[in-house]
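Below is one structure, written out as structure tokens, with a few remarks after it.
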Amino acid sequence: MQTVEPVLACAPLPNVKEQGRFSPYTNNGGTVIAVAGKDFCVIAGDTRMSEGYSITSRNVSKVIQLTSKCVLASSGMQADIATLHKLLLIRLEQYKHQNGREMSTTSIAQLLGNTLYGKRFFPYYTFNVLGGVDDKGVGCAYSYDAVGSFERTPYSSSGTGQQLVQPLLDNQVAKKHQPNVLKVDVSAKEVEEFVRDAMTSAGERDIYTGDHVEVKTVTANGVVHQRFDLKFD
Amino acid sequence: MFRSDYDSDISIWSPQGRIHQIEYAMEAVKQGSASVGLKSKTHAVVAAVKRASSELGSNQQKVFRIDDHLAISMSGLTADGRVLTKYLRNECLNHKFVYEQPMPVSKLVVQLADKSQVHTQQSGRRPYGVGLLVIGYDENGPHLYETSPSGNYYDYKAQAIGNRFQSARTYLEKTYETFDDATPEELIRHSLLALRETVQTSSSSSSSTPNEGITSKNAVVAIVGRDQKLTIYENEELIPFLAGIETSGAAAGENTATSMEE
Amino acid sequence: MDSSYGLDLNKPLYDGRYSWFDHSKFGGTVYEPKPNDPSTRTTDPIVTGTSVLAVKYKGGVAIAADTLLSYGSLARFRDIRRIHKLNEHTIIGSSGEYSDFQYITRMLDDVVTDNHIADNNLQPMDPKSIFSYLSRVMYQRRNKQDPLYNNIVVAGYRNGESFLGSVDLLGTHYQDDHIATGFGDHIARPLLRNAYKPDLTKEEAVKLLEKCLTVLFYRDARAYYRVQICTIGEDGVNIAEPQVLQTDWSVGNVTYGYDGRRTALPQA
């Protein structure tokens with residue numbers, strides 16, 4: 001009878017055990033978008049939470065309503081996002097106690113920038129888009145980096161699907177590379193549909209984006225919430 | 001008041017087993033305009049008289065929102081009361097941050113009483129000169145508490161503190177049995193009627209400013225309860241509740257003008 | 001024939017953690033801290049429990065874990081309870097460093113008692129509140145670069161409502177209908193996803209977890225056949241005594257390269 005050498009089922013383990021080093025950061029993935037219109041803003045985010053190649057949960061919200069005129073969406077590390085959101089809600093409540101009214105969206109934009117910069121040397125691993133209507137009732141969106149640099153923009157996206165979604169926004173919202181196309185005012189309904197399509201596209205190609213989308217539309221009259229399904233795979 | 005050999009420090013007992021400084025602080029509560037609180041099975045209400053230093057000045061703030069489910073009305077030194085307001089608001093926010101649940105009313109009141117107690121035992125400190133009526137609604141239903149400078153706190157069905165509180169308390173003692181099943185509107189009305197007992201009538205007034213009883217200008221009401229976030233009624237918002245109360249400002253009571261400012 | 005199966009026998013088997021074991025006398029090396037090394041806290045877990053599984057059912061939550069604590073690849077302690085009751089409404093289960101879990105249970109027992117006393121109406125603490133509190137603690141410890149090396153599952157039932165949540169060493173937290181930590185997230189979670197439905201009965205849930213634990217025991221080298229399957233729900237808390245999983249290894253006899261007995265492919 002012929003004998004065969006046993007073969008190891010996996011590659012041999014490294015002989016020297018690596019000194020484990022704790023990393024305080026992880027990226028739980030996800031895509032967020034904000035598109036401002038004339039008198040409204042649409043803010044969206046998916047609800048998938050991942051850890052490496054595992055989907056840990058299909059229903060974790062990234063989008064939070066801060067005031068009746070302002071919504072924040074954040075991707076990145078879930079623990080940091082949750083902490084940042086809670087902290088902002090507290091700061092806004094304190095502002096309400098002191099001033100007897102809600103903080104304006106423009107002020108919240110600055111507050112978020114300061115809050116992020118406050119942890120400049122141990123940053124919140126969060127990528128934020130902020131949207132709403134300002135004091136004049138004009139739709140606005142803000143884009144941030146993790147340490148608090150920010151700018152007001154007509155539209156913005158962040159997260160693992162940013163590379164897929166941002167060119168789409170450039171082309172369809174800002175009409176970039178379409179020299180013969182005029183920019184016209186679009187309705188909130190049209191923007192909602194477009195944002196939904198953009199999230200669906202991200203869900204097609206980005207493994208960290210999927211499950212559901214939460215879409216919040218802000219107008220001077222308040223916030224309307226919608227929810228759609230994305231791919232479940 | 002009487003002077004005593006044993007009343008100059010918070011950490012000195014009198015031979016009778018009393019600490020005079022604490023009792024003096026309790027007197028400060030009575031100098032402030034009255035606050036009234038009462039509750040039904042589902043709601044809790046506080047009301048207060050807002051004094052004005054003169055015709056030209058605004059009325060003081062008496063009722064403070066602590067959270068969506070909590071409010072206080074203060075009698076005594078308003079400046080001390082504002083410090084406590086800040087503390088209470090902070091505790092509520094901290095609790096929400098850590099437990100993702102609104103602060104239970106009883107827990108908050110115990111913490112506040114413990115804080116007040118510290119100021120009755122450490123030398124070099126002065127007790128808070130303010131009494132609070134705390135209303136709130138939580139898992140266990142509506143609540144009404146009184147806290148005092150001594151660090152004592154009491155759970156009540158109905159209670160009044162501040163200037164001429166005894167008149168309001170008499171009203172509450174006469175009517176409290178109907179409170180349990182009262183509607184929110186009825187509770188507010190009772191609170192204003194009780195409050196009316198604490199202000200003098202214009203006919204018997206000897207103070208510099210004639211007193212016009214309870215009006216939409218000098219009263220404030222806060223209510224919280226089941227399915228109702230804290231709501232504060234002031235000025236015009238108060239007018240519907242004052243129908244029939246404003247005009248008949250004939251409160252039974254003697255003529256004691258208090259000139260002491262809060 | 002190489003009988004060492006890829007292990008380098010010239011290297012020490014242990015990595016310096018047995019302090020009474022002098023590696024240098026046996027040709028091994030021990031890491032000696034140098035003066036300018038950065039200070040570190042726990043850099044990796046030592047005595048660990050593997051997966052915790054949990055699933056909601058109609059009227060409660062079932063949660064399960066085996067009773068093994070591993071020391072690296074050594075099966076160090078074989079009858080340890082990794083599921084702990086906090087109050088009438090809440091139980092927690094832990095994977096990861098067991099000493100950290102002991103610290104957490106002591107801390108949460110204190111918190112639950114303190115809050116119970118602080119509330120005049122003597123209501124036991126809400127599982128949601130305990131979960132939130134624990135999340136804050138885990139997150140603050142990661143901020144201090146001194147994490148509690150666990151993934152904790154919180155299961156609860158209060159006022160007719162089921163609760164199921166998970167927190168890890170970074171403070172990452174979420175609630176779901178079913179949860180599996182560690183290796184279980186890869187092996188058991190797909191099974192749970194397939195089998196889960198909102199009207200699962202308690203018996204079905206327990207059966208489902210038992211099946212998942214068995215599959216895990218087959219494939220997770222750090223899993224064990226002594227397990228606890230506990231429930232919390234309408235009928236209160238039930239911290240079950242360990243039971244033994246029924247396993248079938250007969251497939252091994254026809255598996256090539258299984259335990260060295262069969263070294264050749266079966267002839268066709």
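Starting from 1 in every chain, residues are counted up; chains themselves are A, B, ... following the order of the structure tokens, and ligands are numbered from 1 as listed.
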Q: For chain B, work out the contacting residues on chain C at 9 Å, counting only C-alpha atoms, and write them as a list in words.
A: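 Listed by rising number, the hits are Asn115, Ala118, Asp119, Asn120, Asn121, Lys128, Ser129, Ile130, Phe131, Ser132, Tyr133, Leu134, Ser135 and Arg136 of chain C.
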Q. Could you name the residues that touch Gln16 in chain B at 12 Å or less, counting only C-alpha atoms, but leaving out those on the same chain fewer than 2 positions away, as number ranges by chain?
A. B: 4-7, 12-14, 18-20
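Those residues of chain B that fall within 9 Å of chain A when using only C-alpha atoms read Arg65, Ile66, Asp67, Arg89, Asn90, Leu93, Asn94, Lys96 and Phe97 of chain B.
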Keeping only all heavy atoms, write the selected residues as a JSON list (two decimals), in the first residue's frame.
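As written to disk, result-v1.json reads:
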```json
[["chain", "number", "residue", "atom", "x", "y", "z"],
["B", 65, "ARG", "N", -37.35, 74.97, 33.91],
["B", 65, "ARG", "CA", -37.39, 73.66, 33.27],
["B", 65, "ARG", "C", -36.07, 72.95, 33.54],
["B", 65, "ARG", "O", -35.00, 73.53, 33.34],
["B", 65, "ARG", "CB", -37.58, 73.85, 31.77],
["B", 65, "ARG", "CG", -37.47, 72.59, 30.96],
["B", 65, "ARG", "CD", -37.70, 72.90, 29.48],
["B", 65, "ARG", "NE", -37.49, 71.72, 28.66],
["B", 65, "ARG", "CZ", -36.30, 71.36, 28.17],
["B", 65, "ARG", "NH1", -35.23, 72.10, 28.39],
["B", 65, "ARG", "NH2", -36.18, 70.26, 27.44],
["B", 66, "ILE", "N", -36.13, 71.73, 34.05],
["B", 66, "ILE", "CA", -34.91, 70.95, 34.29],
["B", 66, "ILE", "C", -34.68, 69.98, 33.15],
["B", 66, "ILE", "O", -33.59, 69.81, 32.66],
["B", 66, "ILE", "CB", -35.01, 70.18, 35.63],
["B", 66, "ILE", "CG1", -35.26, 71.15, 36.79],
["B", 66, "ILE", "CG2", -33.74, 69.37, 35.89],
["B", 66, "ILE", "CD1", -34.20, 72.19, 37.00],
["B", 67, "ASP", "N", -35.77, 69.33, 32.71],
["B", 67, "ASP", "CA", -35.70, 68.39, 31.59],
["B", 67, "ASP", "C", -37.11, 68.30, 31.02],
["B", 67, "ASP", "O", -38.02, 68.96, 31.52],
["B", 67, "ASP", "CB", -35.22, 67.01, 32.11],
["B", 67, "ASP", "CG", -34.55, 66.21, 31.00],
["B", 67, "ASP", "OD1", -34.83, 66.51, 29.82],
["B", 67, "ASP", "OD2", -33.78, 65.29, 31.30],
["B", 89, "ARG", "N", -30.04, 70.38, 36.22],
["B", 89, "ARG", "CA", -30.02, 70.19, 34.77],
["B", 89, "ARG", "C", -28.84, 69.32, 34.37],
["B", 89, "ARG", "O", -28.95, 68.41, 33.54],
["B", 89, "ARG", "CB", -29.92, 71.55, 34.07],
["B", 89, "ARG", "CG", -31.23, 72.31, 34.08],
["B", 89, "ARG", "CD", -31.04, 73.70, 33.53],
["B", 89, "ARG", "NE", -32.32, 74.37, 33.35],
["B", 89, "ARG", "CZ", -32.45, 75.63, 32.99],
["B", 89, "ARG", "NH1", -31.36, 76.39, 32.79],
["B", 89, "ARG", "NH2", -33.64, 76.17, 32.83],
["B", 90, "ASN", "N", -27.69, 69.60, 34.97],
["B", 90, "ASN", "CA", -26.49, 68.83, 34.68],
["B", 90, "ASN", "C", -26.63, 67.36, 35.04],
["B", 90, "ASN", "O", -26.23, 66.47, 34.29],
["B", 90, "ASN", "CB", -25.30, 69.43, 35.44],
["B", 90, "ASN", "CG", -24.25, 69.89, 34.46],
["B", 90, "ASN", "OD1", -24.07, 69.27, 33.42],
["B", 90, "ASN", "ND2", -23.58, 70.96, 34.79],
["B", 93, "LEU", "N", -28.76, 65.62, 32.48],
["B", 93, "LEU", "CA", -28.04, 65.36, 31.23],
["B", 93, "LEU", "C", -27.04, 64.23, 31.40],
["B", 93, "LEU", "O", -26.92, 63.35, 30.54],
["B", 93, "LEU", "CB", -27.32, 66.63, 30.77],
["B", 93, "LEU", "CG", -28.24, 67.74, 30.23],
["B", 93, "LEU", "CD1", -27.45, 69.01, 29.98],
["B", 93, "LEU", "CD2", -28.91, 67.30, 28.95],
["B", 94, "ASN", "N", -26.32, 64.23, 32.52],
["B", 94, "ASN", "CA", -25.37, 63.15, 32.80],
["B", 94, "ASN", "C", -26.06, 61.81, 32.84],
["B", 94, "ASN", "O", -25.58, 60.82, 32.29],
["B", 94, "ASN", "CB", -24.68, 63.39, 34.15],
["B", 94, "ASN", "CG", -23.51, 64.34, 34.02],
["B", 94, "ASN", "OD1", -22.98, 64.51, 32.92],
["B", 94, "ASN", "ND2", -23.13, 64.97, 35.10],
["B", 96, "LYS", "N", -28.84, 60.94, 31.41],
["B", 96, "LYS", "CA", -29.27, 60.57, 30.07],
["B", 96, "LYS", "C", -28.07, 60.04, 29.27],
["B", 96, "LYS", "O", -28.19, 59.09, 28.51],
["B", 96, "LYS", "CB", -29.88, 61.77, 29.36],
["B", 96, "LYS", "CG", -31.19, 61.42, 28.66],
["B", 96, "LYS", "CD", -31.70, 62.53, 27.77],
["B", 96, "LYS", "CE", -32.24, 63.71, 28.51],
["B", 96, "LYS", "NZ", -32.89, 64.71, 27.64],
["B", 97, "PHE", "N", -26.91, 60.66, 29.45],
["B", 97, "PHE", "CA", -25.71, 60.25, 28.72],
["B", 97, "PHE", "C", -25.28, 58.84, 29.13],
["B", 97, "PHE", "O", -24.95, 58.01, 28.29],
["B", 97, "PHE", "CB", -24.58, 61.24, 28.99],
["B", 97, "PHE", "CG", -23.33, 60.98, 28.19],
["B", 97, "PHE", "CD1", -23.22, 61.45, 26.89],
["B", 97, "PHE", "CD2", -22.28, 60.27, 28.73],
["B", 97, "PHE", "CE1", -22.08, 61.22, 26.14],
["B", 97, "PHE", "CE2", -21.13, 60.03, 27.99],
["B", 97, "PHE", "CZ", -21.03, 60.51, 26.70]]
```
Q. If you count only C-alpha atoms, which residues fall within 7 Å of range 22-39 of chain A, apart from same-chain ones fewer than 3 positions away, as a VMD selection string?
A. (chain A and resid 42 to 46 48 to 51 73 to 78 129 to 131 133 137 to 141 154 to 162 208 to 209 219) or (chain C and resid 43 142 145 170)
Q: Please identify all polymer residues within 8 Å of Thr48 in chain C, counting only C-alpha atoms, omitting same-chain residues fewer than 2 positions from it, and present them as a PyMOL selection string.
A: chain C and resi 45-46+50+69-72+95-98
Q) Running DSSP on the backbone, which parts of range 180-248 of chain C land in helix (DSSP H, G or I), as a ChimeraX atom specification? A) /C:183-195,202-219
Q: Please return as a PyMOL selection string: the residues of range 31-193 of chain A that backbone DSSP assigns to strand (DSSP E or B).
A: chain A and resi 31-36+40-46+49-51+54-57+63-67+70-76+126-133+139-144+150-153+155-159
Q: Take CA of Ala174 in chain A and CA of Ser107 in chain A and report the distance between them in Å, one decimal.
A: 25.6 Å
Q: Quick one: everything within 9 Å of Ala109 in chain A, counting only C-alpha atoms, minus sequence neighbours fewer than 5 positions away in the same chain. Send it as number ranges by chain.
A: A: 104, 114, 130-131, 142, 150-152
Q. If you count only C-alpha atoms, which residues fall within 12 Å of His89 in chain C, apart from same-chain ones fewer than 3 positions away, as number ranges by chain?
A. C: 60-61, 84-86, 92, 112, 123-131, 154-164, 231-238
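Residues in contact with Ala146 in chain A at 10 Å, where only C-alpha atoms are counted and same-chain residues fewer than 2 positions away are skipped, are listed as Gly76, Gly113, Leu116, Tyr117, Lys119, Arg120, Pro123, Tyr124, Tyr125, Thr126, Phe127, Asn128, Tyr144, Gly148, Ser149 and Phe150 of chain A.
Checking C:Asp146, C:Asp37, C:Glu203, C:Asp44 one by one against chain A, counting only C-alpha atoms, you find the shortest gap at C:Asp44.
Put simply, CA of Glu192 in chain A is 8.7 Å away from CA of Lys216 in chain A.
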Q) Nearest to chain C among A:Ser57, A:Asn171, A:Gln65, A:Gln110, with distances taken over only C-alpha atoms: which residue is it? A) A:Ser57
